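Data from entry_22.pdb: PDB, C-alpha atoms and all ligand atoms
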```pdb
ATOM      1  CA  MET F  62     -49.494-113.836-110.350
ATOM      2  CA  LEU F  63     -49.741-110.406-111.956
ATOM      3  CA  LYS F  64     -52.595-109.524-109.629
ATOM      4  CA  ILE F  65     -50.619-110.379-106.506
ATOM      5  CA  ARG F  66     -47.651-108.315-107.744
ATOM      6  CA  THR F  67     -49.913-105.314-108.414
ATOM      7  CA  VAL F  68     -51.356-105.531-104.926
ATOM      8  CA  PHE F  69     -47.821-105.803-103.538
ATOM      9  CA  VAL F  70     -46.660-102.686-105.438
ATOM     10  CA  PHE F  71     -49.698-100.809-104.180
ATOM     11  CA  LEU F  72     -48.963-101.861-100.621
ATOM     12  CA  ILE F  73     -45.356-100.648-100.844
ATOM     13  CA  ALA F  74     -46.474 -97.357-102.402
ATOM     14  CA  ALA F  75     -49.033 -96.897 -99.646
ATOM     15  CA  VAL F  76     -46.433 -97.559 -96.925
ATOM     16  CA  LEU F  77     -43.949 -95.123 -98.530
ATOM     17  CA  LEU F  78     -46.603 -92.451 -98.895
ATOM     18  CA  PHE F  79     -47.653 -92.878 -95.285
ATOM     19  CA  SER F  80     -44.121 -92.581 -93.923
ATOM     20  CA  ALA F  81     -43.385 -89.598 -96.194
ATOM     21  CA  CYS F  82     -46.436 -87.804 -94.773
ATOM     22  CA  ASP F  83     -45.360 -88.722 -91.286
ATOM     23  CA  ARG F  84     -41.947 -87.110 -91.709
ATOM     24  CA  THR F  85     -43.488 -83.667 -92.193
ATOM     25  CA  LYS F  86     -45.056 -83.881 -88.765
ATOM     26  CA  LYS F  87     -43.681 -84.136 -85.299
ATOM     27  CA  THR F  88     -45.093 -86.360 -82.626
ATOM     28  CA  PRO F  89     -44.691 -84.616 -79.278
ATOM     29  CA  LYS F  90     -43.148 -86.742 -76.551
ATOM     30  CA  ASP F  91     -45.536 -85.530 -73.929
ATOM     31  CA  ASN F  92     -48.830 -86.006 -75.743
ATOM     32  CA  PRO F  93     -48.322 -88.727 -78.346
ATOM     33  CA  GLN F  94     -52.041 -88.686 -79.259
ATOM     34  CA  THR F  95     -51.601 -85.589 -81.391
ATOM     35  CA  THR F  96     -49.393 -84.616 -84.312
ATOM     36  CA  VAL F  97     -48.559 -80.991 -84.960
ATOM     37  CA  THR F  98     -46.437 -79.064 -87.403
ATOM     38  CA  LEU F  99     -43.890 -76.896 -85.615
ATOM     39  CA  PRO F 100     -43.604 -73.338 -86.888
ATOM     40  CA  ALA F 101     -40.334 -72.499 -88.626
ATOM     41  CA  PHE F 102     -37.745 -71.304 -86.121
ATOM     42  CA  ASP F 103     -34.022 -71.854 -86.598
ATOM     43  CA  ASN F 104     -32.435 -72.796 -83.259
ATOM     44  CA  ASP F 105     -28.924 -72.312 -84.661
ATOM     45  CA  SER F 106     -29.775 -68.841 -85.900
ATOM     46  CA  ALA F 107     -31.185 -67.886 -82.484
ATOM     47  CA  TYR F 108     -28.015 -69.234 -80.852
ATOM     48  CA  ALA F 109     -25.852 -67.209 -83.264
ATOM     49  CA  PHE F 110     -27.838 -64.085 -82.284
ATOM     50  CA  VAL F 111     -27.098 -64.825 -78.602
ATOM     51  CA  LYS F 112     -23.394 -65.342 -79.337
ATOM     52  CA  ALA F 113     -23.190 -62.160 -81.440
ATOM     53  CA  GLN F 114     -24.271 -60.180 -78.367
ATOM     54  CA  THR F 115     -21.804 -61.834 -75.986
ATOM     55  CA  ASP F 116     -19.029 -61.318 -78.584
ATOM     56  CA  PHE F 117     -19.350 -57.567 -77.951
ATOM     57  CA  GLY F 118     -18.338 -58.239 -74.331
ATOM     58  CA  PRO F 119     -20.467 -57.493 -71.246
ATOM     59  CA  ARG F 120     -23.151 -54.926 -72.266
ATOM     60  CA  VAL F 121     -22.753 -52.905 -69.106
ATOM     61  CA  LEU F 122     -24.098 -49.335 -68.955
ATOM     62  CA  GLY F 123     -21.460 -46.786 -69.940
ATOM     63  CA  THR F 124     -19.192 -49.225 -71.825
ATOM     64  CA  GLU F 125     -18.210 -49.353 -75.475
ATOM     65  CA  ALA F 126     -19.607 -52.912 -75.691
ATOM     66  CA  HIS F 127     -22.992 -51.576 -74.558
ATOM     67  CA  GLU F 128     -22.927 -48.829 -77.167
ATOM     68  CA  ASN F 129     -21.725 -51.125 -79.982
ATOM     69  CA  CYS F 130     -24.208 -53.891 -79.204
ATOM     70  CA  GLY F 131     -27.018 -51.323 -79.023
ATOM     71  CA  ASN F 132     -26.179 -50.039 -82.500
ATOM     72  CA  TRP F 133     -26.125 -53.613 -83.818
ATOM     73  CA  LEU F 134     -29.495 -54.469 -82.240
ATOM     74  CA  LEU F 135     -31.129 -51.362 -83.686
ATOM     75  CA  GLY F 136     -29.716 -52.289 -87.091
ATOM     76  CA  LYS F 137     -31.198 -55.808 -86.862
ATOM     77  CA  LEU F 138     -34.630 -54.449 -85.895
ATOM     78  CA  ARG F 139     -34.464 -51.988 -88.827
ATOM     79  CA  GLU F 140     -33.564 -54.906 -91.103
ATOM     80  CA  TYR F 141     -36.387 -57.248 -90.053
ATOM     81  CA  CYS F 142     -39.265 -55.073 -88.813
ATOM     82  CA  ASP F 143     -41.567 -52.658 -90.657
ATOM     83  CA  THR F 144     -40.544 -49.801 -88.343
ATOM     84  CA  ALA F 145     -37.959 -49.454 -85.595
ATOM     85  CA  TYR F 146     -37.626 -46.921 -82.786
ATOM     86  CA  ASN F 147     -34.593 -45.854 -80.799
ATOM     87  CA  GLN F 148     -35.862 -44.608 -77.438
ATOM     88  CA  THR F 149     -32.943 -42.923 -75.678
ATOM     89  CA  PHE F 150     -33.114 -41.896 -72.030
ATOM     90  CA  THR F 151     -30.866 -41.245 -69.048
ATOM     91  CA  ALA F 152     -30.960 -43.781 -66.227
ATOM     92  CA  ARG F 153     -29.984 -42.940 -62.670
ATOM     93  CA  THR F 154     -28.818 -46.081 -60.875
ATOM     94  CA  TYR F 155     -28.862 -46.863 -57.129
ATOM     95  CA  ASP F 156     -25.244 -45.644 -56.768
ATOM     96  CA  GLY F 157     -26.241 -42.108 -57.865
ATOM     97  CA  LYS F 158     -24.555 -42.397 -61.279
ATOM     98  CA  THR F 159     -26.291 -41.512 -64.551
ATOM     99  CA  TRP F 160     -25.947 -43.332 -67.854
ATOM    100  CA  PRO F 161     -26.984 -42.904 -71.480
ATOM    101  CA  CYS F 162     -29.470 -45.699 -72.194
ATOM    102  CA  ALA F 163     -31.768 -46.879 -74.985
ATOM    103  CA  ASN F 164     -34.806 -49.099 -75.388
ATOM    104  CA  PHE F 165     -35.227 -50.423 -78.940
ATOM    105  CA  ILE F 166     -38.642 -51.197 -80.432
ATOM    106  CA  GLY F 167     -39.279 -53.060 -83.695
ATOM    107  CA  SER F 168     -42.861 -53.163 -85.014
ATOM    108  CA  PHE F 169     -44.693 -55.413 -87.465
ATOM    109  CA  GLY F 170     -47.976 -54.074 -88.857
ATOM    110  CA  PRO F 171     -47.717 -50.751 -86.989
ATOM    111  CA  GLU F 172     -51.200 -49.740 -88.248
ATOM    112  CA  LYS F 173     -52.918 -52.743 -86.625
ATOM    113  CA  THR F 174     -54.907 -52.186 -83.440
ATOM    114  CA  LYS F 175     -54.659 -55.748 -82.110
ATOM    115  CA  ARG F 176     -51.054 -55.947 -80.842
ATOM    116  CA  ILE F 177     -48.786 -58.312 -78.900
ATOM    117  CA  VAL F 178     -45.567 -57.108 -77.227
ATOM    118  CA  LEU F 179     -42.559 -59.448 -77.024
ATOM    119  CA  ALA F 180     -39.767 -58.194 -74.761
ATOM    120  CA  ALA F 181     -36.365 -58.987 -73.236
ATOM    121  CA  HIS F 182     -33.564 -56.949 -71.661
ATOM    122  CA  TRP F 183     -30.374 -56.343 -73.616
ATOM    123  CA  ASP F 184     -28.022 -54.956 -70.952
ATOM    124  CA  SER F 185     -25.868 -57.207 -68.795
ATOM    125  CA  ARG F 186     -24.991 -57.061 -65.111
ATOM    126  CA  PRO F 187     -21.959 -54.960 -64.072
ATOM    127  CA  PHE F 188     -20.887 -57.352 -61.313
ATOM    128  CA  ALA F 189     -21.029 -61.119 -60.723
ATOM    129  CA  ASP F 190     -22.197 -60.690 -57.129
ATOM    130  CA  HIS F 191     -23.455 -64.293 -56.962
ATOM    131  CA  ASP F 192     -20.180 -65.850 -58.062
ATOM    132  CA  PRO F 193     -18.971 -68.603 -55.696
ATOM    133  CA  LEU F 194     -15.462 -67.062 -55.850
ATOM    134  CA  PRO F 195     -15.260 -63.747 -53.982
ATOM    135  CA  ALA F 196     -12.462 -62.651 -56.381
ATOM    136  CA  ASN F 197     -14.965 -62.695 -59.273
ATOM    137  CA  ARG F 198     -17.728 -60.736 -57.619
ATOM    138  CA  GLU F 199     -16.819 -57.345 -59.106
ATOM    139  CA  THR F 200     -16.383 -58.715 -62.634
ATOM    140  CA  PRO F 201     -18.995 -57.747 -65.288
ATOM    141  CA  ILE F 202     -20.861 -60.721 -66.767
ATOM    142  CA  ASP F 203     -21.484 -61.843 -70.350
ATOM    143  CA  GLY F 204     -25.149 -62.366 -69.499
ATOM    144  CA  ALA F 205     -25.509 -64.977 -72.234
ATOM    145  CA  ASN F 206     -28.541 -66.393 -70.479
ATOM    146  CA  ASP F 207     -29.439 -63.349 -68.368
ATOM    147  CA  GLY F 208     -30.383 -60.991 -71.124
ATOM    148  CA  ALA F 209     -28.897 -62.178 -74.408
ATOM    149  CA  SER F 210     -30.931 -65.428 -74.603
ATOM    150  CA  GLY F 211     -34.266 -63.590 -74.715
ATOM    151  CA  VAL F 212     -32.989 -61.025 -77.204
ATOM    152  CA  GLY F 213     -31.549 -63.819 -79.383
ATOM    153  CA  VAL F 214     -34.888 -65.665 -79.478
ATOM    154  CA  LEU F 215     -36.713 -62.436 -80.358
ATOM    155  CA  LEU F 216     -34.263 -61.552 -83.155
ATOM    156  CA  GLU F 217     -34.927 -64.981 -84.681
ATOM    157  CA  VAL F 218     -38.684 -64.452 -84.219
ATOM    158  CA  ALA F 219     -38.276 -61.100 -86.030
ATOM    159  CA  ARG F 220     -36.312 -62.766 -88.842
ATOM    160  CA  GLN F 221     -39.120 -65.330 -89.257
ATOM    161  CA  LEU F 222     -41.903 -62.720 -89.102
ATOM    162  CA  HIS F 223     -40.097 -60.744 -91.817
ATOM    163  CA  GLU F 224     -40.503 -63.793 -94.099
ATOM    164  CA  ASN F 225     -44.009 -64.621 -92.924
ATOM    165  CA  HIS F 226     -45.993 -61.652 -91.644
ATOM    166  CA  PRO F 227     -48.390 -62.336 -88.753
ATOM    167  CA  ASN F 228     -52.043 -61.214 -88.839
ATOM    168  CA  VAL F 229     -51.669 -59.578 -85.454
ATOM    169  CA  GLY F 230     -49.510 -56.477 -84.893
ATOM    170  CA  VAL F 231     -46.271 -57.271 -83.047
ATOM    171  CA  ASP F 232     -43.910 -54.982 -81.149
ATOM    172  CA  ILE F 233     -40.537 -56.382 -80.138
ATOM    173  CA  VAL F 234     -39.061 -54.365 -77.270
ATOM    174  CA  PHE F 235     -35.474 -54.607 -76.032
ATOM    175  CA  PHE F 236     -35.234 -53.008 -72.594
ATOM    176  CA  ASP F 237     -32.051 -51.397 -71.365
ATOM    177  CA  ALA F 238     -30.866 -51.037 -67.741
ATOM    178  CA  GLU F 239     -32.677 -54.044 -66.273
ATOM    179  CA  ASP F 240     -29.739 -55.536 -64.415
ATOM    180  CA  TYR F 241     -27.966 -52.673 -62.595
ATOM    181  CA  GLY F 242     -29.668 -53.419 -59.290
ATOM    182  CA  PRO F 243     -27.731 -53.292 -55.985
ATOM    183  CA  ARG F 244     -25.382 -56.143 -55.091
ATOM    184  CA  GLU F 245     -26.780 -59.017 -53.030
ATOM    185  CA  SER F 246     -24.713 -57.727 -50.097
ATOM    186  CA  GLU F 247     -26.220 -54.207 -50.347
ATOM    187  CA  SER F 248     -29.669 -53.129 -49.374
ATOM    188  CA  VAL F 249     -30.815 -49.936 -51.047
ATOM    189  CA  PRO F 250     -34.483 -49.016 -50.773
ATOM    190  CA  GLY F 251     -36.110 -48.157 -54.108
ATOM    191  CA  ASP F 252     -36.950 -49.644 -57.504
ATOM    192  CA  TRP F 253     -33.461 -50.108 -58.969
ATOM    193  CA  TRP F 254     -34.201 -53.014 -61.309
ATOM    194  CA  GLY F 255     -35.926 -52.782 -64.682
ATOM    195  CA  LEU F 256     -35.085 -49.108 -65.261
ATOM    196  CA  GLY F 257     -35.625 -49.330 -69.041
ATOM    197  CA  ALA F 258     -38.986 -51.059 -68.596
ATOM    198  CA  GLN F 259     -40.038 -48.446 -66.043
ATOM    199  CA  TYR F 260     -39.123 -45.687 -68.489
ATOM    200  CA  TRP F 261     -40.945 -47.279 -71.460
ATOM    201  CA  ALA F 262     -44.053 -48.125 -69.419
ATOM    202  CA  LYS F 263     -44.301 -44.471 -68.328
ATOM    203  CA  ASN F 264     -43.135 -43.016 -71.682
ATOM    204  CA  PRO F 265     -44.228 -45.343 -74.494
ATOM    205  CA  HIS F 266     -42.530 -44.963 -77.907
ATOM    206  CA  ILE F 267     -45.889 -43.780 -79.324
ATOM    207  CA  GLN F 268     -48.185 -41.478 -77.368
ATOM    208  CA  GLY F 269     -51.213 -43.388 -76.037
ATOM    209  CA  TYR F 270     -49.664 -46.727 -77.028
ATOM    210  CA  THR F 271     -51.305 -49.892 -75.780
ATOM    211  CA  ALA F 272     -51.298 -53.611 -76.602
ATOM    212  CA  ASN F 273     -53.546 -56.601 -75.939
ATOM    213  CA  TYR F 274     -50.843 -58.232 -73.834
ATOM    214  CA  GLY F 275     -47.102 -58.734 -73.558
ATOM    215  CA  ILE F 276     -44.673 -61.633 -73.108
ATOM    216  CA  LEU F 277     -41.271 -61.069 -71.497
ATOM    217  CA  LEU F 278     -38.411 -63.534 -71.937
ATOM    218  CA  ASP F 279     -35.662 -63.807 -69.329
ATOM    219  CA  MET F 280     -33.166 -66.646 -68.990
ATOM    220  CA  VAL F 281     -34.572 -68.765 -71.789
ATOM    221  CA  GLY F 282     -31.275 -70.537 -72.566
ATOM    222  CA  THR F 283     -30.902 -72.879 -69.585
ATOM    223  CA  PRO F 284     -30.428 -76.539 -70.668
ATOM    224  CA  ASN F 285     -33.668 -78.447 -69.912
ATOM    225  CA  ALA F 286     -35.219 -75.277 -68.530
ATOM    226  CA  GLN F 287     -38.280 -75.363 -66.332
ATOM    227  CA  PHE F 288     -40.632 -72.523 -67.138
ATOM    228  CA  MET F 289     -42.866 -72.505 -64.088
ATOM    229  CA  GLN F 290     -45.722 -70.005 -64.044
ATOM    230  CA  GLU F 291     -44.250 -66.858 -62.501
ATOM    231  CA  GLN F 292     -46.574 -65.483 -59.844
ATOM    232  CA  PHE F 293     -46.874 -61.795 -60.810
ATOM    233  CA  SER F 294     -47.743 -63.079 -64.291
ATOM    234  CA  LEU F 295     -50.439 -65.353 -62.836
ATOM    235  CA  ARG F 296     -51.804 -62.524 -60.689
ATOM    236  CA  ASP F 297     -51.876 -59.901 -63.464
ATOM    237  CA  ALA F 298     -52.486 -61.943 -66.627
ATOM    238  CA  GLY F 299     -53.419 -65.510 -65.660
ATOM    239  CA  ASP F 300     -55.378 -66.002 -68.891
ATOM    240  CA  VAL F 301     -52.286 -65.150 -70.971
ATOM    241  CA  VAL F 302     -50.141 -67.532 -68.901
ATOM    242  CA  ARG F 303     -52.604 -70.379 -69.474
ATOM    243  CA  LYS F 304     -52.863 -69.641 -73.214
ATOM    244  CA  VAL F 305     -49.074 -69.647 -73.694
ATOM    245  CA  TRP F 306     -48.568 -72.780 -71.572
ATOM    246  CA  ALA F 307     -51.377 -74.605 -73.425
ATOM    247  CA  THR F 308     -49.798 -73.661 -76.759
ATOM    248  CA  ALA F 309     -46.417 -74.995 -75.608
ATOM    249  CA  TYR F 310     -48.074 -78.229 -74.481
ATOM    250  CA  GLU F 311     -49.763 -78.678 -77.860
ATOM    251  CA  LEU F 312     -46.357 -78.335 -79.543
ATOM    252  CA  GLY F 313     -44.961 -81.090 -77.296
ATOM    253  CA  HIS F 314     -43.050 -78.746 -74.983
ATOM    254  CA  GLY F 315     -44.879 -79.715 -71.787
ATOM    255  CA  GLN F 316     -41.569 -80.888 -70.298
ATOM    256  CA  TYR F 317     -40.350 -77.273 -70.367
ATOM    257  CA  PHE F 318     -43.578 -75.348 -69.756
ATOM    258  CA  GLN F 319     -44.834 -76.843 -66.522
ATOM    259  CA  ASN F 320     -48.277 -76.105 -65.142
ATOM    260  CA  LYS F 321     -46.967 -75.209 -61.692
ATOM    261  CA  PRO F 322     -46.549 -71.887 -59.925
ATOM    262  CA  GLY F 323     -42.963 -70.617 -59.990
ATOM    263  CA  GLY F 324     -41.197 -67.731 -58.281
ATOM    264  CA  VAL F 325     -42.356 -64.222 -57.419
ATOM    265  CA  ILE F 326     -39.969 -62.244 -59.615
ATOM    266  CA  THR F 327     -39.544 -58.487 -59.845
ATOM    267  CA  ASP F 328     -38.609 -58.491 -63.504
ATOM    268  CA  ASP F 329     -39.334 -55.979 -66.300
ATOM    269  CA  HIS F 330     -42.943 -57.230 -66.621
ATOM    270  CA  TYR F 331     -43.632 -56.191 -62.996
ATOM    271  CA  TYR F 332     -43.045 -52.527 -63.934
ATOM    272  CA  VAL F 333     -44.989 -52.789 -67.193
ATOM    273  CA  ASN F 334     -47.917 -54.168 -65.207
ATOM    274  CA  LYS F 335     -47.539 -51.381 -62.670
ATOM    275  CA  TYR F 336     -47.321 -48.428 -65.080
ATOM    276  CA  ALA F 337     -48.589 -49.415 -68.578
ATOM    277  CA  PRO F 338     -52.241 -49.839 -69.656
ATOM    278  CA  PHE F 339     -51.840 -53.566 -70.484
ATOM    279  CA  LYS F 340     -50.429 -56.699 -68.824
ATOM    280  CA  MET F 341     -47.271 -58.693 -69.472
ATOM    281  CA  ILE F 342     -46.224 -62.199 -68.403
ATOM    282  CA  ASP F 343     -42.670 -63.468 -67.809
ATOM    283  CA  ILE F 344     -41.289 -66.684 -69.277
ATOM    284  CA  ILE F 345     -38.328 -67.348 -66.982
ATOM    285  CA  HIS F 346     -36.494 -70.471 -65.889
ATOM    286  CA  TYR F 347     -37.263 -71.320 -62.276
ATOM    287  CA  ASP F 348     -35.610 -73.919 -60.090
ATOM    288  CA  ALA F 349     -36.572 -73.821 -56.422
ATOM    289  CA  ALA F 350     -33.697 -76.189 -55.589
ATOM    290  CA  SER F 351     -30.937 -73.967 -57.046
ATOM    291  CA  GLY F 352     -30.733 -71.657 -54.043
ATOM    292  CA  THR F 353     -31.345 -68.450 -55.996
ATOM    293  CA  GLY F 354     -34.403 -69.843 -57.821
ATOM    294  CA  PHE F 355     -32.594 -69.185 -61.106
ATOM    295  CA  ASP F 356     -30.005 -70.933 -63.247
ATOM    296  CA  PRO F 357     -26.909 -72.117 -61.300
ATOM    297  CA  VAL F 358     -24.708 -69.638 -63.247
ATOM    298  CA  TRP F 359     -27.048 -66.677 -62.604
ATOM    299  CA  HIS F 360     -25.071 -63.489 -61.790
ATOM    300  CA  THR F 361     -21.782 -65.402 -61.943
ATOM    301  CA  VAL F 362     -18.896 -65.050 -64.438
ATOM    302  CA  ASN F 363     -20.020 -68.412 -65.868
ATOM    303  CA  ASP F 364     -23.172 -66.983 -67.422
ATOM    304  CA  ASN F 365     -21.570 -67.323 -70.841
ATOM    305  CA  ILE F 366     -22.373 -68.840 -74.221
ATOM    306  CA  GLN F 367     -21.177 -72.344 -73.214
ATOM    307  CA  HIS F 368     -24.132 -72.584 -70.837
ATOM    308  CA  VAL F 369     -26.790 -71.668 -73.394
ATOM    309  CA  ASP F 370     -28.753 -74.538 -74.958
ATOM    310  CA  ARG F 371     -30.075 -73.982 -78.463
ATOM    311  CA  ASN F 372     -32.918 -76.473 -77.920
ATOM    312  CA  THR F 373     -34.330 -74.366 -75.102
ATOM    313  CA  LEU F 374     -34.141 -71.271 -77.318
ATOM    314  CA  GLY F 375     -36.069 -73.236 -79.955
ATOM    315  CA  VAL F 376     -38.771 -74.398 -77.563
ATOM    316  CA  VAL F 377     -39.473 -70.804 -76.544
ATOM    317  CA  GLY F 378     -39.233 -69.431 -80.083
ATOM    318  CA  THR F 379     -41.602 -71.968 -81.649
ATOM    319  CA  THR F 380     -44.068 -71.415 -78.827
ATOM    320  CA  LEU F 381     -44.058 -67.635 -79.404
ATOM    321  CA  LEU F 382     -44.527 -68.024 -83.164
ATOM    322  CA  GLN F 383     -47.453 -70.396 -82.592
ATOM    323  CA  VAL F 384     -49.064 -67.995 -80.088
ATOM    324  CA  LEU F 385     -48.828 -65.214 -82.702
ATOM    325  CA  LYS F 386     -50.231 -67.500 -85.407
ATOM    326  CA  ASN F 387     -53.227 -68.381 -83.212
ATOM    327  CA  GLU F 388     -54.133 -64.703 -82.651
TER     328      GLU F 388
HETATM  329  C1  LIG U   1     -34.098 -60.260 -58.826
HETATM  330  O1  LIG U   1     -34.881 -61.076 -58.403
HETATM  331  C2  LIG U   1     -33.101 -59.590 -57.978
HETATM  332  N1  LIG U   1     -34.070 -59.914 -60.088
HETATM  333  C3  LIG U   1     -34.965 -60.528 -61.013
HETATM  334  C4  LIG U   1     -34.840 -59.833 -62.266
HETATM  335  C5  LIG U   1     -33.643 -60.213 -63.000
HETATM  336  C6  LIG U   1     -32.347 -59.986 -62.694
HETATM  337  N2  LIG U   1     -33.660 -60.841 -64.139
HETATM  338  C7  LIG U   1     -32.440 -60.998 -64.528
HETATM  339  N3  LIG U   1     -31.621 -60.496 -63.682
HETATM  340 ZN    ZN U   2     -29.756 -60.467 -63.912
END
```

Could you express the structure from this file as structure tokens?
Ligand code: AHN
Ligand code: ZN
Amino acid sequence: MLKIRTVFVFLIAAVLLFSACDRTKKTPKDNPQTTVTLPAFDNDSAYAFVKAQTDFGPRVLGTEAHENCGNWLLGKLREYCDTAYNQTFTARTYDGKTWPCANFIGSFGPEKTKRIVLAAHWDSRPFADHDPLPANRETPIDGANDGASGVGVLLEVARQLHENHPNVGVDIVFFDAEDYGPRESESVPGDWWGLGAQYWAKNPHIQGYTANYGILLDMVGTPNAQFMQEQFSLRDAGDVVRKVWATAYELGHGQYFQNKPGGVITDDHYYVNKYAPFKMIDIIHYDAASGTGFDPVWHTVNDNIQHVDRNTLGVVGTTLLQVLKNE
């Protein structure tokens, strides 16, 4: 009798122990054969960083919101990173106007030679030229997804790296003046997109600066995003694309990071690849069926915080942290 009870107690203890162990792990939906521990990344914190930017108002060149948000971003990089740089420059836009601009760089382990760049643009578009309502097409946009989502993910990555330093050197770069390209209805020859990235690629924050590779984030807040493999990224840094997508798959994010070619997108990474001594990929939501290839609210007045999904931010953030950990 006593023997049976002892065996029973042991069995219960074993079952409890097993399930307790199991709770510390996550079984990915896509590849249930494996169990992995997700790196710490707080989706709510990333979302709050996105909202904090949109709360300044549209971060359009020449506005007070742009200036105020820039000061706040630089302050956050100074808080979390080992060193931060404020790279000011003057941008001339396609309409002949000039603007005071700034790229912000936050570095972890600035003395390390092996380095990864993580980037996003922090300005927002001055006009909603893709809005379905013609009356809205001159209105500046919040750019919650188009701009702020990538910056929000990277601020949360920086907050996590501050707690848990990576072995590899990391430079977080916030590009200005990405989104002041001509309206859809205009056709102006020249490279009018990615002005901050063009400036930084030609004038790095440190003379002779280089990195092993870079990862750009753009529109990483779309609910159930599809991150197809952007084609300039595949052309210029196919090995980096495959490494990042494989890492996402191992974390159970294969639903988001799909092993299919996506759009051909002239984003900030295009100019880095053109002018800098290293290559950068672009993680960007792509939907061939949406008409524009982007999120349905892209360059409309509805690109606001209500359309940003914290789960998508988390998928991208955990993937980046795992990529850094593996280096
Ligand atoms: C165009 O394809 C016009 N622009 C891609 C870069 C971009 C704009 N990303 C966000 N807004
Ligand atoms: Zn845009």

**Request:** Carefully work through the PyMOL selection byres (((chain F and resi 184) around 8) and not hetatm) for this structure and note down the residues it includes, as a VMD selection string.
**Result:** chain F and resid 119 to 122 127 182 to 183 185 to 186 208 236 to 240

Could you make a table, as CSV, of the residues of chain F that have an atom within 10 Å of an atom of ligand ZN 2 (chain U), each with its nearest atom pair and distance in Å to one decimal, counting only C-alpha atoms and all ligand atoms, in chain and number order?
```
residue,atom,partner,partner_atom,distance
F:His182,CA,U:ZN2,ZN,9.3
F:Asp184,CA,U:ZN2,ZN,9.1
F:Ser185,CA,U:ZN2,ZN,7.0
F:Arg186,CA,U:ZN2,ZN,6.0
F:Pro187,CA,U:ZN2,ZN,9.5
F:Phe188,CA,U:ZN2,ZN,9.8
F:Ala189,CA,U:ZN2,ZN,9.3
F:Ile202,CA,U:ZN2,ZN,9.3
F:Gly204,CA,U:ZN2,ZN,7.5
F:Asn206,CA,U:ZN2,ZN,8.9
F:Asp207,CA,U:ZN2,ZN,5.3
F:Gly208,CA,U:ZN2,ZN,7.3
F:Glu239,CA,U:ZN2,ZN,7.4
F:Asp240,CA,U:ZN2,ZN,5.0
F:Tyr241,CA,U:ZN2,ZN,8.1
F:Gly242,CA,U:ZN2,ZN,8.4
F:Trp254,CA,U:ZN2,ZN,9.1
F:Gly255,CA,U:ZN2,ZN,9.9
F:Asp279,CA,U:ZN2,ZN,8.7
F:Met280,CA,U:ZN2,ZN,8.7
F:Asp328,CA,U:ZN2,ZN,9.1
F:Phe355,CA,U:ZN2,ZN,9.6
F:Trp359,CA,U:ZN2,ZN,6.9
F:His360,CA,U:ZN2,ZN,6.0
F:Thr361,CA,U:ZN2,ZN,9.6
F:Asp364,CA,U:ZN2,ZN,9.9
```

**Picked residues, the PyMOL selection byres (((chain F and resi 299) around 12) and not hetatm), expected as a PyMOL selection string** = chain F and resi 274+290-298+300-306+320+322+340-343

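Considering the residues F:Gly282, F:Gly324, F:Gly213, F:Pro338 and counting only C-alpha atoms, F:Trp261 has its shortest atom-to-atom contact with F:Pro338.
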
**Item:** Residue list as number ranges by chain for point (-49.2, -45.2, -76.7), cut-off 12 Å, all atoms listed in the file
**Value:** F: 171, 174, 176, 232, 261-272, 337-339

**Message:** Can you pull out the residues contacting stretch 94-109 of chain F? Cut-off 10 Å, using all atoms listed in the file, and skip same-chain residues under 4 positions away; I want them as a VMD selection string.
**Reply:** chain F and resid 83 85 to 90 113 to 115 205 209 to 218 220 to 222 225 282 311 to 313 366 369 to 383 386

**Prompt:** What is the atom CA of F:Gln287 to atom CA of F:His191 distance in Å?
**Reply:** 20.7 Å

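Of the residues under consideration (F:Ala219, F:Thr149, F:Tyr141, F:Lys112), F:Thr149 shows the shortest atom-to-atom contact distance to F:Glu128 when counting only C-alpha atoms.
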
Let me know the residues the PyMOL selection byres (((chain F and resi 177) around 8) and not hetatm) catches in the file above, as an mmCIF file with C-alpha atoms, keeping the file's coordinate frame.
```cif
data_model
loop_
_atom_site.group_PDB
_atom_site.id
_atom_site.type_symbol
_atom_site.label_atom_id
_atom_site.label_comp_id
_atom_site.auth_asym_id
_atom_site.auth_seq_id
_atom_site.Cartn_x
_atom_site.Cartn_y
_atom_site.Cartn_z
ATOM 1 C CA LYS F 175 -54.659 -55.748 -82.110
ATOM 2 C CA ARG F 176 -51.054 -55.947 -80.842
ATOM 3 C CA VAL F 178 -45.567 -57.108 -77.227
ATOM 4 C CA LEU F 179 -42.559 -59.448 -77.024
ATOM 5 C CA VAL F 229 -51.669 -59.578 -85.454
ATOM 6 C CA GLY F 230 -49.510 -56.477 -84.893
ATOM 7 C CA VAL F 231 -46.271 -57.271 -83.047
ATOM 8 C CA ASP F 232 -43.910 -54.982 -81.149
ATOM 9 C CA ALA F 272 -51.298 -53.611 -76.602
ATOM 10 C CA ASN F 273 -53.546 -56.601 -75.939
ATOM 11 C CA TYR F 274 -50.843 -58.232 -73.834
ATOM 12 C CA GLY F 275 -47.102 -58.734 -73.558
ATOM 13 C CA ILE F 276 -44.673 -61.633 -73.108
ATOM 14 C CA LEU F 385 -48.828 -65.214 -82.702
#
```

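In this model, the gap between atom CA of F:Gly257 and atom CA of F:Lys158 comes to 15.2 Å.
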
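Atom to atom, atom CA of F:Glu140 and atom CA of F:Phe169 stand 11.7 Å apart.
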
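Here the question is which of F:Ala196, F:Val281, F:Val111, F:Ala307 gets nearest to ligand LIG 1 (chain U) using all atoms listed in the file, and that residue is F:Val281.
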
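When all atoms listed in the file are used to compute distances to F:Asp190, the closest of the residues F:Glu172, F:Asp143, F:Asp156, F:Glu245 turns out to be F:Glu245.
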